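S.K.: query26.csv is reproduced in full below (CSV, C-alpha atoms).
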```csv
chain,number,residue,atom,x,y,z
A,2,MET,CA,46.5,153.6,10.0
A,3,SER,CA,48.9,150.6,10.0
A,4,GLU,CA,51.5,150.2,7.4
A,5,LYS,CA,49.7,147.3,5.9
A,6,GLU,CA,46.4,149.3,5.6
A,7,VAL,CA,48.3,152.1,3.8
A,8,LYS,CA,49.9,149.7,1.4
A,9,ASN,CA,46.5,148.2,0.7
A,10,LEU,CA,45.0,151.7,0.0
A,11,GLU,CA,47.9,152.5,-2.2
A,12,GLU,CA,47.3,149.4,-4.3
A,13,ILE,CA,43.6,150.3,-4.7
A,14,PHE,CA,44.7,153.9,-5.6
A,15,GLU,CA,47.2,152.8,-8.2
A,16,ALA,CA,44.7,150.5,-9.8
A,17,ARG,CA,42.1,153.3,-10.0
A,18,ILE,CA,44.6,155.4,-11.9
A,19,ALA,CA,45.6,152.5,-14.1
A,20,ARG,CA,41.9,152.2,-15.0
A,21,ASP,CA,41.9,155.9,-16.0
A,22,GLU,CA,39.6,156.8,-13.1
A,23,LYS,CA,39.9,160.4,-11.9
A,24,ILE,CA,41.0,161.2,-8.3
A,25,GLU,CA,38.9,163.9,-6.6
A,26,PRO,CA,39.9,166.1,-3.7
A,27,LYS,CA,38.2,164.2,-0.9
A,28,ASP,CA,39.4,160.8,-2.1
A,29,TRP,CA,42.2,159.1,-0.2
A,30,MET,CA,45.5,159.6,-1.9
A,31,PRO,CA,49.2,158.8,-1.0
A,32,GLU,CA,51.0,161.7,0.6
A,33,LYS,CA,53.5,161.7,-2.2
A,34,TYR,CA,50.7,162.1,-4.8
A,35,ARG,CA,49.4,165.1,-2.8
A,36,LYS,CA,52.8,166.7,-2.4
A,37,THR,CA,53.8,166.2,-6.1
A,38,HIS,CA,50.6,167.7,-7.3
A,39,ILE,CA,50.8,170.7,-5.0
A,40,ARG,CA,54.4,171.2,-6.4
A,41,GLN,CA,53.4,170.9,-10.0
A,42,ILE,CA,50.1,172.7,-10.0
A,43,SER,CA,51.5,175.6,-7.9
A,44,GLN,CA,54.5,175.9,-10.2
A,45,HIS,CA,52.2,176.1,-13.1
A,46,ALA,CA,50.0,178.7,-11.4
A,47,HIS,CA,53.1,180.8,-10.4
A,48,SER,CA,54.3,180.7,-14.0
A,49,GLU,CA,51.0,182.1,-15.2
A,50,ILE,CA,51.2,184.9,-12.7
A,51,VAL,CA,54.9,185.8,-13.2
A,52,GLY,CA,54.3,185.3,-17.0
A,53,MET,CA,52.2,188.4,-17.0
A,54,LEU,CA,55.2,190.6,-16.1
A,55,PRO,CA,57.3,190.4,-19.3
A,56,GLU,CA,54.3,191.1,-21.5
A,57,GLY,CA,52.8,193.7,-19.2
A,58,ASN,CA,55.9,195.6,-20.0
A,59,TRP,CA,54.6,196.3,-23.6
A,60,ILE,CA,50.9,197.0,-23.0
A,61,SER,CA,51.3,200.7,-22.9
A,62,ARG,CA,53.7,200.7,-25.9
A,63,ALA,CA,51.8,198.4,-28.3
A,64,PRO,CA,52.0,199.8,-31.8
A,65,SER,CA,48.2,199.9,-32.4
A,66,LEU,CA,44.9,199.7,-30.6
A,67,ARG,CA,44.3,196.3,-32.2
A,68,ARG,CA,47.6,195.0,-30.8
A,69,LYS,CA,46.9,196.6,-27.4
A,70,VAL,CA,43.5,195.1,-26.8
A,71,ALA,CA,44.8,191.7,-27.8
A,72,LEU,CA,47.8,191.9,-25.5
A,73,LEU,CA,45.6,193.1,-22.6
A,74,ALA,CA,43.2,190.3,-23.2
A,75,LYS,CA,46.1,187.8,-23.2
A,76,VAL,CA,47.6,189.1,-20.0
A,77,GLN,CA,44.2,189.0,-18.4
A,78,ASP,CA,43.8,185.4,-19.5
A,79,GLU,CA,47.1,184.6,-17.8
A,80,ALA,CA,45.8,186.1,-14.6
A,81,GLY,CA,42.6,183.9,-15.0
A,82,HIS,CA,44.7,180.8,-15.7
A,83,GLY,CA,46.7,181.4,-12.6
A,84,LEU,CA,43.5,181.7,-10.6
A,85,TYR,CA,42.0,178.5,-12.0
A,86,LEU,CA,45.2,176.7,-11.1
A,87,TYR,CA,45.5,178.2,-7.6
A,88,SER,CA,42.0,177.1,-6.8
A,89,ALA,CA,42.7,173.6,-8.2
A,90,CYS,CA,45.8,173.5,-6.0
A,91,GLU,CA,43.9,174.6,-2.9
A,92,THR,CA,41.7,171.5,-3.1
A,93,LEU,CA,44.7,169.6,-2.0
A,94,GLY,CA,44.7,171.3,1.4
A,95,ILE,CA,47.1,174.1,1.0
A,96,SER,CA,45.9,177.7,1.4
A,97,ARG,CA,46.3,180.5,-1.1
A,98,ASN,CA,48.4,182.4,1.3
A,99,GLU,CA,50.9,179.6,1.8
A,100,LEU,CA,51.1,179.3,-2.0
A,101,TYR,CA,51.9,183.0,-2.4
A,102,GLU,CA,54.4,182.8,0.5
A,103,GLN,CA,56.2,179.9,-1.3
A,104,LEU,CA,56.4,182.0,-4.5
A,105,HIS,CA,57.5,185.2,-2.7
A,106,SER,CA,60.2,183.5,-0.6
A,107,GLY,CA,61.6,181.7,-3.6
A,108,LYS,CA,60.8,178.3,-2.2
A,109,ALA,CA,58.5,177.5,-5.1
A,110,LYS,CA,59.7,177.8,-8.7
A,111,TYR,CA,58.1,179.2,-11.8
A,112,SER,CA,58.9,178.6,-15.5
A,113,SER,CA,62.5,179.8,-16.1
A,114,ILE,CA,61.5,181.4,-19.4
A,115,PHE,CA,60.0,184.4,-17.7
A,116,ASN,CA,63.3,185.4,-16.4
A,117,TYR,CA,64.4,186.7,-19.8
A,118,PRO,CA,63.8,190.3,-20.7
A,119,THR,CA,61.4,191.6,-23.4
A,120,VAL,CA,63.4,194.3,-25.1
A,121,THR,CA,61.5,194.9,-28.4
A,122,TRP,CA,57.9,194.7,-29.6
A,123,ALA,CA,58.9,191.6,-31.6
A,124,ASP,CA,59.3,189.8,-28.3
A,125,MET,CA,55.5,189.9,-27.9
A,126,GLY,CA,55.3,188.0,-31.2
A,127,ALA,CA,58.0,185.5,-30.2
A,128,ILE,CA,56.5,184.9,-26.8
A,129,GLY,CA,53.1,184.2,-28.2
A,130,TRP,CA,54.4,182.0,-31.0
A,131,LEU,CA,57.1,180.1,-29.2
A,132,VAL,CA,56.5,180.3,-25.5
A,133,ASP,CA,52.8,179.8,-25.7
A,134,GLY,CA,53.4,177.2,-28.4
A,135,ALA,CA,55.6,175.2,-26.1
A,136,ALA,CA,53.2,175.7,-23.3
A,137,ILE,CA,50.3,174.3,-25.3
A,138,ILE,CA,52.3,171.2,-26.2
A,139,ASN,CA,53.0,170.8,-22.5
A,140,GLN,CA,49.4,171.4,-21.4
A,141,VAL,CA,47.3,169.5,-23.9
A,142,PRO,CA,48.2,166.1,-22.4
A,143,LEU,CA,47.4,167.5,-18.9
A,144,CYS,CA,43.7,167.8,-19.9
A,145,SER,CA,43.5,164.0,-19.2
A,146,THR,CA,45.7,163.9,-16.1
A,147,SER,CA,44.5,161.8,-13.1
A,148,TYR,CA,43.7,164.6,-10.7
A,149,GLY,CA,40.2,165.9,-11.5
A,150,PRO,CA,40.4,169.6,-10.5
A,151,TYR,CA,43.8,170.0,-12.4
A,152,ALA,CA,42.4,168.3,-15.5
A,153,ARG,CA,39.3,170.5,-15.5
A,154,ALA,CA,41.4,173.6,-15.1
A,155,MET,CA,43.6,172.5,-17.9
A,156,VAL,CA,40.7,172.0,-20.3
A,157,ARG,CA,39.7,175.7,-19.7
A,158,VAL,CA,43.3,176.9,-20.1
A,159,CYS,CA,43.9,175.0,-23.3
A,160,LYS,CA,40.6,176.3,-24.8
A,161,GLU,CA,41.8,179.9,-24.2
A,162,GLU,CA,45.4,179.5,-25.0
A,163,SER,CA,45.1,179.0,-28.8
A,164,PHE,CA,44.3,182.7,-29.3
A,165,HIS,CA,47.5,183.5,-27.5
A,166,GLN,CA,49.7,181.6,-30.0
A,167,ARG,CA,47.8,182.9,-33.0
A,168,GLN,CA,48.1,186.6,-31.9
A,169,GLY,CA,51.9,186.0,-31.4
A,170,PHE,CA,52.3,184.4,-34.8
A,171,GLU,CA,50.4,187.3,-36.4
A,172,ILE,CA,52.8,189.8,-34.9
A,173,MET,CA,55.7,187.9,-36.2
A,174,LEU,CA,54.1,187.6,-39.7
A,175,LYS,CA,53.5,191.3,-39.9
A,176,LEU,CA,57.1,192.1,-38.9
A,177,ALA,CA,58.6,189.5,-41.1
A,178,ASN,CA,56.7,191.0,-44.1
A,179,GLY,CA,57.5,194.5,-43.1
A,180,THR,CA,60.5,196.8,-43.7
A,181,PRO,CA,64.0,195.2,-43.5
A,182,GLU,CA,64.4,196.7,-40.0
A,183,GLN,CA,61.1,195.1,-38.9
A,184,LYS,CA,62.1,191.8,-40.3
A,185,GLU,CA,65.5,192.0,-38.5
A,186,MET,CA,63.6,192.7,-35.3
A,187,ALA,CA,61.6,189.6,-35.7
A,188,GLN,CA,64.7,187.5,-36.5
A,189,ASP,CA,66.5,189.0,-33.4
A,190,ALA,CA,63.5,188.0,-31.2
A,191,LEU,CA,63.5,184.4,-32.7
A,192,ASN,CA,67.3,184.2,-32.0
A,193,ARG,CA,66.8,185.2,-28.4
A,194,TRP,CA,63.7,183.1,-27.6
A,195,TRP,CA,64.4,179.9,-29.5
A,196,TRP,CA,66.7,178.2,-27.1
A,197,PRO,CA,65.0,179.2,-23.9
A,198,SER,CA,61.7,177.9,-25.4
A,199,LEU,CA,63.4,174.5,-26.0
A,200,MET,CA,64.7,174.5,-22.4
A,201,MET,CA,61.2,175.4,-21.1
A,202,LEU,CA,60.0,171.9,-21.9
A,203,GLY,CA,62.3,170.7,-19.1
A,204,PRO,CA,65.5,168.8,-18.6
A,205,THR,CA,66.3,165.8,-20.8
A,206,ASP,CA,64.7,162.5,-19.8
A,207,ALA,CA,68.0,161.2,-18.4
A,208,GLU,CA,68.2,164.3,-16.0
A,209,SER,CA,64.6,164.5,-15.1
A,210,VAL,CA,64.0,163.2,-11.6
A,211,HIS,CA,60.2,163.3,-11.5
A,212,THR,CA,59.4,161.8,-14.9
A,213,GLU,CA,58.9,158.2,-14.0
A,214,GLN,CA,56.6,158.7,-11.1
A,215,SER,CA,54.7,161.5,-12.9
A,216,MET,CA,54.1,159.2,-15.9
A,217,LYS,CA,52.6,156.6,-13.7
A,218,TRP,CA,50.2,159.1,-12.2
A,219,LYS,CA,49.4,160.5,-15.6
A,220,LEU,CA,50.6,163.8,-14.3
A,221,LYS,CA,52.8,163.6,-17.4
A,222,ARG,CA,51.8,161.7,-20.5
A,223,LYS,CA,54.8,162.3,-22.6
A,224,THR,CA,58.4,162.8,-21.6
A,225,ASN,CA,60.2,166.1,-21.8
A,226,ASP,CA,62.3,164.9,-24.8
A,227,GLU,CA,59.2,163.7,-26.7
A,228,LEU,CA,57.5,167.1,-26.1
A,229,ARG,CA,60.5,169.0,-27.2
A,230,GLN,CA,60.8,167.0,-30.4
A,231,GLN,CA,57.1,167.6,-31.1
A,232,PHE,CA,57.6,171.3,-30.6
A,233,ILE,CA,60.6,171.5,-32.9
A,234,ASP,CA,58.9,169.4,-35.6
A,235,GLN,CA,55.8,171.6,-35.5
A,236,THR,CA,57.7,175.0,-35.3
A,237,VAL,CA,60.3,174.6,-38.0
A,238,PRO,CA,57.8,174.8,-40.9
A,239,GLN,CA,56.2,177.8,-39.3
A,240,ALA,CA,59.6,179.6,-39.2
A,241,ASP,CA,60.0,178.8,-42.9
A,242,LEU,CA,56.6,180.3,-43.5
A,243,LEU,CA,57.7,183.5,-41.8
A,244,GLY,CA,61.0,183.5,-43.8
A,245,LEU,CA,63.0,183.5,-40.6
A,246,THR,CA,66.0,181.3,-39.7
A,247,ILE,CA,66.0,179.2,-36.6
A,248,PRO,CA,69.4,179.9,-34.8
A,249,ASP,CA,70.6,176.3,-34.9
A,250,PRO,CA,73.2,175.4,-37.6
A,251,ASP,CA,72.7,171.7,-36.7
A,252,LEU,CA,68.9,171.7,-37.4
A,253,LYS,CA,68.3,169.2,-40.2
A,254,TRP,CA,65.4,167.1,-41.3
A,255,ASN,CA,66.1,163.4,-40.7
A,256,GLU,CA,64.4,161.3,-43.4
A,257,GLU,CA,65.0,158.1,-41.4
A,258,THR,CA,63.4,159.2,-38.1
A,259,GLY,CA,60.8,161.5,-39.6
A,260,HIS,CA,61.9,164.2,-37.2
A,261,TYR,CA,64.3,167.2,-37.1
A,262,ASP,CA,67.7,166.7,-35.6
A,263,PHE,CA,68.8,169.6,-33.6
A,264,GLY,CA,71.9,171.0,-31.9
A,265,ASN,CA,73.0,170.8,-28.2
A,266,ILE,CA,71.0,172.8,-25.7
A,267,ASN,CA,73.0,174.8,-23.2
A,268,TRP,CA,71.8,173.2,-20.0
A,269,ASP,CA,74.2,175.1,-17.9
A,270,GLU,CA,72.3,178.3,-18.8
A,271,PHE,CA,69.0,176.6,-18.0
A,272,TRP,CA,70.2,175.5,-14.5
A,273,GLN,CA,71.7,179.0,-13.9
A,274,VAL,CA,68.3,180.6,-14.6
A,275,VAL,CA,66.5,178.0,-12.5
A,276,LYS,CA,68.8,178.7,-9.6
A,277,GLY,CA,68.0,182.4,-9.7
A,278,HIS,CA,70.8,183.8,-11.8
A,279,GLY,CA,68.8,184.5,-15.0
A,280,PRO,CA,68.8,188.1,-16.4
A,281,CYS,CA,65.5,189.1,-14.7
A,282,ASN,CA,64.9,186.7,-11.7
A,283,LYS,CA,65.3,189.5,-9.2
A,284,GLU,CA,63.4,192.1,-11.2
A,285,ARG,CA,60.4,189.6,-11.6
A,286,MET,CA,60.3,188.8,-7.9
A,287,ASN,CA,60.6,192.4,-6.9
A,288,ALA,CA,57.7,193.4,-9.1
A,289,ARG,CA,55.5,190.5,-7.9
A,290,VAL,CA,56.3,190.9,-4.1
A,291,GLY,CA,56.0,194.7,-4.5
A,292,ALA,CA,52.5,194.5,-6.1
A,293,TRP,CA,51.4,192.1,-3.4
A,294,LYS,CA,52.6,194.4,-0.6
A,295,ARG,CA,51.2,197.5,-2.1
A,296,GLY,CA,47.8,195.8,-2.4
A,297,ALA,CA,47.7,194.8,1.2
A,298,TRP,CA,45.7,197.8,2.4
A,299,VAL,CA,43.1,197.2,-0.4
A,300,ARG,CA,42.6,193.6,0.7
A,301,ASP,CA,42.4,194.6,4.4
A,302,ALA,CA,39.9,197.5,3.6
A,303,ALA,CA,37.7,195.1,1.6
A,304,MET,CA,37.6,192.6,4.4
A,305,ALA,CA,36.9,195.3,7.0
A,306,TYR,CA,34.1,196.7,4.8
A,307,ALA,CA,32.6,193.1,4.4
A,308,GLU,CA,32.7,192.6,8.2
A,309,LYS,CA,31.1,196.0,8.9
A,310,LYS,CA,28.3,195.2,6.4
A,311,GLU,CA,27.7,191.8,8.0
A,312,ALA,CA,27.6,193.3,11.5
A,313,ARG,CA,25.0,196.0,10.3
A,314,LYS,CA,22.9,193.3,8.8
A,315,LYS,CA,22.8,191.4,12.1
A,316,VAL,CA,21.8,194.6,14.0
A,317,SER,CA,19.0,195.5,11.7
A,318,LYS,CA,17.7,191.9,11.9
A,319,ALA,CA,17.8,192.0,15.7
A,320,SER,CA,15.9,195.3,15.9
B,2,MET,CA,52.1,189.7,5.5
B,3,SER,CA,49.1,191.4,6.9
B,4,ASP,CA,47.7,190.0,10.2
B,5,LYS,CA,44.1,190.8,9.0
B,6,LYS,CA,41.7,188.1,8.1
B,7,ASN,CA,42.1,186.6,4.6
B,8,TRP,CA,39.4,186.7,2.0
B,9,PRO,CA,37.3,183.6,2.2
B,10,LEU,CA,36.9,181.0,-0.6
B,11,TRP,CA,33.7,181.0,-2.7
B,12,GLU,CA,32.5,178.2,-5.0
B,13,ILE,CA,31.2,179.5,-8.4
B,14,PHE,CA,28.3,178.1,-10.4
B,15,VAL,CA,27.5,179.3,-13.8
B,16,ARG,CA,24.4,178.7,-16.1
B,17,SER,CA,25.8,178.8,-19.6
B,18,LYS,CA,22.5,179.5,-21.2
B,19,ASN,CA,18.8,179.4,-20.2
B,20,GLY,CA,17.5,175.9,-20.2
B,21,LEU,CA,20.6,174.5,-18.7
B,22,GLU,CA,21.4,174.1,-15.0
B,23,HIS,CA,24.1,176.0,-13.1
B,24,ARG,CA,27.3,174.0,-13.2
B,25,HIS,CA,30.3,174.2,-10.8
B,26,PHE,CA,33.0,176.2,-12.6
B,27,GLY,CA,35.6,176.5,-9.9
B,28,SER,CA,36.4,178.7,-6.9
B,29,LEU,CA,37.9,182.1,-6.0
B,30,HIS,CA,38.6,184.3,-3.1
B,31,ALA,CA,36.6,187.5,-2.3
B,32,SER,CA,35.8,189.6,0.7
B,33,ASP,CA,32.0,189.3,0.3
B,34,ALA,CA,29.3,187.8,-1.9
B,35,GLU,CA,29.1,190.9,-4.1
B,36,MET,CA,32.8,190.9,-4.8
B,37,ALA,CA,32.7,187.1,-5.4
B,38,LEU,CA,30.1,187.7,-8.1
B,39,GLU,CA,32.1,190.5,-9.8
B,40,ASN,CA,35.3,188.4,-9.7
B,41,ALA,CA,33.5,185.4,-11.0
B,42,ARG,CA,32.4,187.4,-14.0
B,43,ASP,CA,36.0,188.3,-14.8
B,44,VAL,CA,37.6,184.9,-14.0
B,45,TYR,CA,35.0,182.5,-15.4
B,46,THR,CA,32.9,184.4,-18.0
B,47,ARG,CA,35.5,186.3,-20.1
B,48,ARG,CA,34.1,184.8,-23.3
B,49,SER,CA,30.4,184.9,-22.7
B,50,GLU,CA,30.3,181.5,-21.0
B,51,GLY,CA,27.4,182.4,-18.8
B,52,VAL,CA,24.0,184.1,-18.4
B,53,SER,CA,23.7,183.6,-14.6
B,54,ILE,CA,26.2,183.1,-11.7
B,55,TRP,CA,25.7,181.7,-8.2
B,56,VAL,CA,28.3,182.1,-5.5
B,57,VAL,CA,28.3,180.1,-2.3
B,58,GLU,CA,30.9,180.5,0.4
B,59,SER,CA,32.8,177.2,0.4
B,60,SER,CA,32.6,176.7,4.1
B,61,HIS,CA,28.8,176.5,3.7
B,62,ILE,CA,29.0,173.3,1.6
B,63,THR,CA,28.5,170.0,3.3
B,64,ALA,CA,30.0,167.2,1.3
B,65,SER,CA,29.7,163.4,1.6
B,66,ASN,CA,32.8,161.5,2.5
B,67,PRO,CA,34.0,159.2,-0.3
B,68,GLU,CA,35.2,156.8,2.3
B,69,HIS,CA,31.6,156.1,3.2
B,70,ASN,CA,30.5,155.6,-0.4
B,71,GLY,CA,29.8,152.0,0.4
B,72,GLU,CA,27.0,152.5,3.0
B,73,LEU,CA,25.8,155.6,1.3
B,74,PHE,CA,25.4,154.4,-2.3
B,75,GLU,CA,25.4,150.6,-2.2
B,76,PRO,CA,21.7,150.3,-1.2
B,77,ALA,CA,20.9,151.4,-4.8
B,78,ALA,CA,23.1,148.8,-6.4
B,79,ASP,CA,20.9,145.8,-5.8
B,80,LYS,CA,17.6,147.4,-6.8
B,81,VAL,CA,17.7,146.4,-10.5
B,82,TYR,CA,13.8,146.6,-10.5
B,83,ARG,CA,14.2,150.4,-10.6
B,84,HIS,CA,15.4,150.1,-14.2
B,85,PRO,CA,13.2,149.4,-17.3
B,86,THR,CA,15.4,146.5,-18.5
B,87,PHE,CA,14.3,144.5,-15.4
B,88,TYR,CA,10.9,143.8,-16.9
B,89,ASP,CA,10.4,141.1,-19.5
B,90,LEU,CA,8.0,142.1,-22.3
B,91,PRO,CA,7.3,140.3,-25.5
B,92,ASP,CA,9.0,141.7,-28.6
B,93,GLU,CA,5.6,142.7,-30.2
B,94,VAL,CA,5.5,145.5,-27.7
B,95,LYS,CA,7.8,147.7,-29.7
B,96,HIS,CA,8.1,151.0,-27.8
B,97,MET,CA,7.6,151.0,-24.1
```
Can the structure from this file be put into C-alpha cells for me?

M.R.:
Amino acid sequence: MSEKEVKNLEEIFEARIARDEKIEPKDWMPEKYRKTHIRQISQHAHSEIVGMLPEGNWISRAPSLRRKVALLAKVQDEAGHGLYLYSACETLGISRNELYEQLHSGKAKYSSIFNYPTVTWADMGAIGWLVDGAAIINQVPLCSTSYGPYARAMVRVCKEESFHQRQGFEIMLKLANGTPEQKEMAQDALNRWWWPSLMMLGPTDAESVHTEQSMKWKLKRKTNDELRQQFIDQTVPQADLLGLTIPDPDLKWNEETGHYDFGNINWDEFWQVVKGHGPCNKERMNARVGAWKRGAWVRDAAMAYAEKKEARKKVSKAS
Amino acid sequence: MSDKKNWPLWEIFVRSKNGLEHRHFGSLHASDAEMALENARDVYTRRSEGVSIWVVESSHITASNPEHNGELFEPAADKVYRHPTFYDLPDEVKHM
C-alpha cells in the first residue's frame, strides 16, 4: 500500500471513530491503533489474572462460610474477566501464548496495586471497597470504547464488578462496627490501601504519555486526574459512613470547586513499584509462572487425549 | 514452554432463554469440544445467563471481508421497493 493510500484509510478510520462507529476485528486499522489496544487490553487481562493472587491468599482463612463463598466467587470472576479480555485481545492478531509469554517475561505490565501484600483479613475489605471501586471508575467509560470486542467484554465485566465492591464494603462495615481491635484493623487496611488506590488510576495527566491519543480513539474517555478526583469525591463520604479516617491530612472539601482537595501523591513509590521494586512483584510473578509451569503436563495430556479421540473417530468411520 | 500443540480457540454461543436465538458471547481455548462446553459454562454462564451453549472451533468459521462490503452489500442499497414505505397508499387505508 502506498503512503497516500494509508493516509487516506487513516482519515476514513478517524472519521468513523469520530462518528462513534465501532471498529471490529477484521476492519482495517492503523498499526498504532492495533498495538496500543493490544498493550492496554493485555495489561488489563494480566491485572485480572495477577489480581487473583493477593485475594487467593485469604480464601482458606476467611472468617466464615459466607465470606468464603463470596471471596471464592469474586476470585473466580476475576479469572473470568481475564479470559474475556484475553479473548478480546486475541482478535487483534496476537496469540494467547504470546500474551502469557509477555506477562511471564516481564515485558507486559499489570496494575501496580497487586504488588502490595495482603496481611490481614481487613485487606479483603479494603481491596473490594477501594481497589475494585477505583477499577469500576476506570472501567465504566470503557464500555463505550471504540474497539467492539473490548467494549463488549467491558460491559460484562462491569455488570459483575459491582458485587465485588459491595462485598468489600460489607467486610469493612462489619469490622468498623466490631470490637476496637477489629475497627483498628479496618483503619490499618485503609491506611495502607488508600494511596496505592489513588496511584492505580495512573500518572497525572501531565506525566501520562498515552492520554492524548487514547482520548482520540475513545480508549480513554476521561483523563487519569478526572478519574482520580471522581474516585476521591465518591469515596470520602463512604469512609465517613464507616467512621474511618482517610490517611491524608490535606484532604478537605472545597466549596468553590465542588470537589475534595487532597495531598501530594508519592509518585516515586508508584514508579518504583511499576519498575518491579514493589513489596511483592517477585512473589506475584513466581506464583504465576510456577502455576503455569506446573500445569503444563495437564495441558499436554488434555491435548494428547483430544487427538487420540479424534484419531479413533476417524478409524471407526473408515471401518 | 511446552513444545506440544496449544489448545485451539473456540467461539461460544449462548441461548439466554428459550424463545431467543443463540448469541455470540466470546471465545475460549479448550483441547476438545467437550472441554469447550464445560469451560464455556464456567466462563460465560456463572450467573445463569444461559439455557443452551453451542461451541464451534474458530478455524471452522468463514467470515466475509469488510473490505469487500461494497460489492457484497451494496446491491441491496438501491432496492427501496423491498420496503413497505416505497408504496403510496391513500391515508384512508389505516393499517397495512

S.K.: Under the rule of at most 12 Å, produce a per-residue listing of chain B near chain A: chain, number, name, the closest pair of atoms, and the distance in Å, as CSV, using only C-alpha atoms.

M.R.:
```
residue,atom,partner,partner_atom,distance
B:Met2,CA,A:Lys294,CA,7.7
B:Ser3,CA,A:Ala297,CA,6.8
B:Asp4,CA,A:Asp301,CA,9.1
B:Lys5,CA,A:Asp301,CA,6.2
B:Lys6,CA,A:Met304,CA,7.1
B:Asn7,CA,A:Met304,CA,7.5
B:Trp8,CA,A:Met304,CA,6.6
B:Pro9,CA,A:Met304,CA,9.3
B:Leu10,CA,A:Ser88,CA,8.9
B:Trp11,CA,A:Ser88,CA,10.0
B:Glu12,CA,A:Ser88,CA,9.7
B:Ile13,CA,A:Ser88,CA,11.2
B:His25,CA,A:Arg153,CA,10.8
B:Phe26,CA,A:Arg153,CA,9.0
B:Gly27,CA,A:Tyr85,CA,7.0
B:Ser28,CA,A:Ser88,CA,5.8
B:Leu29,CA,A:Ser88,CA,6.5
B:His30,CA,A:Ser88,CA,8.8
B:Ala31,CA,A:Met304,CA,8.5
B:Ser32,CA,A:Met304,CA,5.1
B:Asp33,CA,A:Ala307,CA,5.6
B:Ala34,CA,A:Ala307,CA,8.9
B:Glu35,CA,A:Ala307,CA,9.5
B:Met36,CA,A:Ala303,CA,9.1
B:Ala37,CA,A:Ala307,CA,11.5
B:Asn40,CA,A:Gly81,CA,10.1
B:Ala41,CA,A:Gly81,CA,10.1
B:Arg42,CA,A:Gly81,CA,10.8
B:Asp43,CA,A:Gly81,CA,7.9
B:Val44,CA,A:Gly81,CA,5.2
B:Tyr45,CA,A:Gly81,CA,7.7
B:Thr46,CA,A:Gly81,CA,10.2
B:Arg47,CA,A:Asp78,CA,8.4
B:Arg48,CA,A:Glu161,CA,9.2
B:Glu50,CA,A:Arg157,CA,11.1
B:Ser59,CA,A:Thr92,CA,11.1
B:Ala64,CA,A:Lys27,CA,9.0
B:Ser65,CA,A:Lys27,CA,8.9
B:Asn66,CA,A:Lys27,CA,6.9
B:Pro67,CA,A:Asp28,CA,5.9
B:Glu68,CA,A:Asp28,CA,7.3
B:His69,CA,A:Asp28,CA,10.5
B:Asn70,CA,A:Asp28,CA,10.4
```

S.K.: Which neighbours of A:Gly57 fall inside 10 Å, counting only C-alpha atoms, when residues of the same chain fewer than 4 positions from it are skipped, and could you give them as a ChimeraX atom specification?

M.R.: /A:52-53,61-62,72-73,75-77,119,125

S.K.: Need to verify the contact set: stretch 172-174 of chain A, 8 Å, all atoms listed in the file, exclusion of same-chain residues closer than 6 positions in sequence. Can you return it as a list in words?

M.R.: Ala123, Met125, Gly126, Ala127, Trp130, Ala187 and Leu243 of chain A

S.K.: Looking at B:Met97, B:Leu90, B:Leu21, B:Ala77, which one is nearest to B:Gly51, with distances taken over only C-alpha atoms?

M.R.: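 Among B:Met97, B:Leu90, B:Leu21, B:Ala77, it is B:Leu21 that comes nearest to B:Gly51.
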
S.K.: Record the distance separating atom CA of A:Gly149 and atom CA of A:Ile137, expressed in Å with one decimal.

M.R.: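 Distance between the two atoms: 19.1 Å.
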
S.K.: Would you work out the distance separating atom CA of A:Glu284 from atom CA of A:Ser112, expressed in Å to one decimal?

M.R.: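 Going from atom CA of A:Glu284 over to atom CA of A:Ser112, I get 14.9 Å.
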
S.K.: Atom CA of A:Ile18 and atom CA of A:Tyr34, how far apart in Å?

M.R.: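 According to the coordinates, atom CA of A:Tyr34 and atom CA of A:Ile18 are separated by 11.5 Å.
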
S.K.: I'd like the contact shell of B:Glu22 - 12 Å cut-off, all atoms listed in the file, skipping same-chain residues fewer than 4 positions apart - returned as number ranges by chain.

M.R.: B: 14-18, 51-55

S.K.: Just want the 10 Å neighbourhood of A:Lys217, counted on all atoms listed in the file, with same-chain residues fewer than 3 positions away dropped. Output as number ranges by chain.

M.R.: A: 15, 18-19, 147, 212-214, 220-222

S.K.: Excluding A:Leu176 and any residue of its chain fewer than 5 positions from it, enumerate the residues within 12 Å of it, using only C-alpha atoms, and give them as a PyMOL selection string.

M.R.: chain A and resi 64+121-127+169-171+181-191+243-245

S.K.: Dump C-alpha atoms for the selected residues as a short mmCIF file (atom, residue, chain, number, x, y, z; two decimals), keeping the file's coordinate frame?

M.R.:
```
data_model
loop_
_atom_site.label_atom_id
_atom_site.label_comp_id
_atom_site.auth_asym_id
_atom_site.auth_seq_id
_atom_site.Cartn_x
_atom_site.Cartn_y
_atom_site.Cartn_z
CA PRO A 64 52.00 199.80 -31.80
CA THR A 121 61.50 194.90 -28.40
CA TRP A 122 57.90 194.70 -29.60
CA ALA A 123 58.90 191.60 -31.60
CA ASP A 124 59.30 189.80 -28.30
CA MET A 125 55.50 189.90 -27.90
CA GLY A 126 55.30 188.00 -31.20
CA ALA A 127 58.00 185.50 -30.20
CA GLY A 169 51.90 186.00 -31.40
CA PHE A 170 52.30 184.40 -34.80
CA GLU A 171 50.40 187.30 -36.40
CA PRO A 181 64.00 195.20 -43.50
CA GLU A 182 64.40 196.70 -40.00
CA GLN A 183 61.10 195.10 -38.90
CA LYS A 184 62.10 191.80 -40.30
CA GLU A 185 65.50 192.00 -38.50
CA MET A 186 63.60 192.70 -35.30
CA ALA A 187 61.60 189.60 -35.70
CA GLN A 188 64.70 187.50 -36.50
CA ASP A 189 66.50 189.00 -33.40
CA ALA A 190 63.50 188.00 -31.20
CA LEU A 191 63.50 184.40 -32.70
CA LEU A 243 57.70 183.50 -41.80
CA GLY A 244 61.00 183.50 -43.80
CA LEU A 245 63.00 183.50 -40.60
#
```
